[in-house]
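Participant: Provided herewith is a single structure, encoded as structure tokens, for subsequent inquiry.
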Amino acid sequence: MITRTAPSLQARPIRRTGRGGRVAVALWVLLIAAAFLVGHLLRRAGLATEDELPPLHAEARGEPHTWQLVPAIATAALYVAVLPVLVRRLSWRPLLLAAWAATLVWTVVLALSDGLDHLAKPLDAPTEYPAGLDAVRADPLGWLRTFTDRLGGYPTHVRGHPPLPTLVFWALDAAGLRGTTWAAVVIILVGTSAIVAIALTVRLLAGEELARRALPFLVLAPLVLWIATAMDAFFLGVGAWGTVLVALAARRNRALAALGGGLLLGSLPYLSYGLLPLFAIPAAALIAARPNARVVVALLCGCAIVPVAFTLGGFWWPDGVAATFETYRISRGSAMRSYWYFLVADFAVLGLLVGPAVAHALPAALAPIGRAARDRALPPAPSLLVGAALLGTVALAVAGVTRGEVERIWVPYAAWIMVAAARHTPPSRGWLAAQAVTALLVQSLVLSEW
């Protein structure tokens, strides 16, 4: 039985990652290079025809961006210089607001290198949720009751997900925020706000020093390339705020926070079937915080609200899973991708999302889990959070339902893996620059659908 807790990271100096970190960065480079090389060879052989640039669901730019990225390059240089100073000098609440604003600007500036219309353009595609809104507007409850039966006639993203994402777009439309521009604004705001929730969670579970160390890397995470504009960024925000409410409830014995956290977390399986493994992250927060029974009961009650509401509304989640899997299997799209190639290559994409700074820090960030297991102790909370996020990605990859398109699917998981970068000793400007360069290179060379 686990009876004691391993020393937290802030209880002793954070050690240099050393040789293990250098090896991890070398493997990061090799994995990404090999994934693109093998993907190119498979495509030439006619064995990977779903994507133009496997393992990404994207295509190579005919002419790489150069001058279009000047604003983004200037923003990155400013952030590398200023973020470590802000982390050291600002008090906690202003720092969180500054970090959110910085992430928002970085996300938008990168996206605008493709033009002003790019923020909403991905949502205008005929495969996206807004394309299916006409079927919802006349009778939302009737649409929900018949959602599973009529699944095959809906746009790709509607039939590939539970009904809640489409209902979010419908709610925006009904509230007068019509058009994909408003939807893009909401997605970007919610997605970028997740870094505040993640920092708050780390502060609650491991202390403010660790949260401050993580913030610059959260701001400059390459994954922001897919916050504008993929609905998965919205999923990230919902999961992150649900998790911080769970951590708050567990640490401070607040049942109302547990109920709210449960409400958000209970919505995750109704936003995307691929978010079920994301529950490993709030579970890690619970393990680290060890809440009392009152908080756990409130959390479970909160988690039940959305499933009960959708069930009473006529949508039975297991039937949705079965119907979606059936359409996936017969679509001759994603299901035709190579399982074994994407089982490995999906983690090359994960490497792109988190960047070389995380690769360098990851061995040291995960090492406490092994030591804690030997000592029959609880690992420190940051290691638990990072390990839980990685476990979720492994579960999805092995299940075979994430064969490609993971640059957006991984976003709700990759943001938590960024916590590993708190292992770097401030100001860490070299690693921050490496993160920014990774994002700039991908934006320059790759034209993504999102």
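By order in the structure tokens, chains are A, B, ...; within a chain, residues start at 1; ligands start at 1, following the order shown.
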Neighbouring residues of Gly320 (chain A) were defined as those with any atom within 8 Å, considering only C-alpha atoms; residues of the same chain fewer than 5 positions away were excluded. Please report them as a list in words.
Facilitator: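 Residues near the query, excluding close chain neighbours: Thr148, Pro162 and Phe315 of chain A.
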Participant: Tell me, as a list in words, which residues lie within 10 Å of region 173-185 of chain A, counting only C-alpha atoms; anything in the same chain fewer than 5 positions away does not count.
Facilitator: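 What passes the distance filter is Asp117, His118, Leu119, Ala120, Lys121, Pro122, Leu123, Asp124, Tyr129, Pro130, Leu133, Arg137, Leu167, Val168, Val190, Gly191, Ile227, Ala228, Thr229, Ala230, Met231 and Phe234 of chain A.
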Participant: Compile the contact shell of Pro84 (chain A) as a list of chain:residue names: residues with an atom at most 10 Å away, counting only C-alpha atoms, same-chain residues fewer than 4 positions apart removed.
Facilitator: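 My list of contacting residues is A:Tyr79, A:Val80, A:Arg88, A:Arg89, A:Arg212, A:Arg213, A:Leu215, A:Pro216, A:Pro426, A:Pro427, A:Ser428, A:Arg429, A:Leu432.
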Participant: Quote the spacing between CA of Ala365 (chain A) and CA of Leu350 (chain A) in Å to one decimal place.
Facilitator: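 Here the two named atoms are 16.7 Å from each other.
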Participant: Could you list, as a list in words, every residue within 10 Å of Trp340 (chain A), counting only C-alpha atoms and ignoring same-chain residues fewer than 2 positions away?
Facilitator: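 Answer for this query is Arg337, Ser338, Phe342, Leu343, Val344, Ala345, Ala397, Val398, Gly400 and Arg403 of chain A.
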Participant: Which residues come within 12 Å of Ala194 (chain A), counting only C-alpha atoms, excluding same-chain residues fewer than 4 positions away, as an NGL selection string?
Facilitator: :A and (96-97 or 99-101 or 103-104 or 187-190 or 198-201 or 215 or 218-219 or 224 or 227 or 232-244 or 411-416 or 418)
Participant: Taking the DSSP secondary structure from the backbone, can you list the residues of region 278-342 of chain A that are helix (DSSP H, G or I), as an NGL selection string?
Facilitator: :A and (278-289 or 293-312 or 317-330 or 334-336 or 339-342)
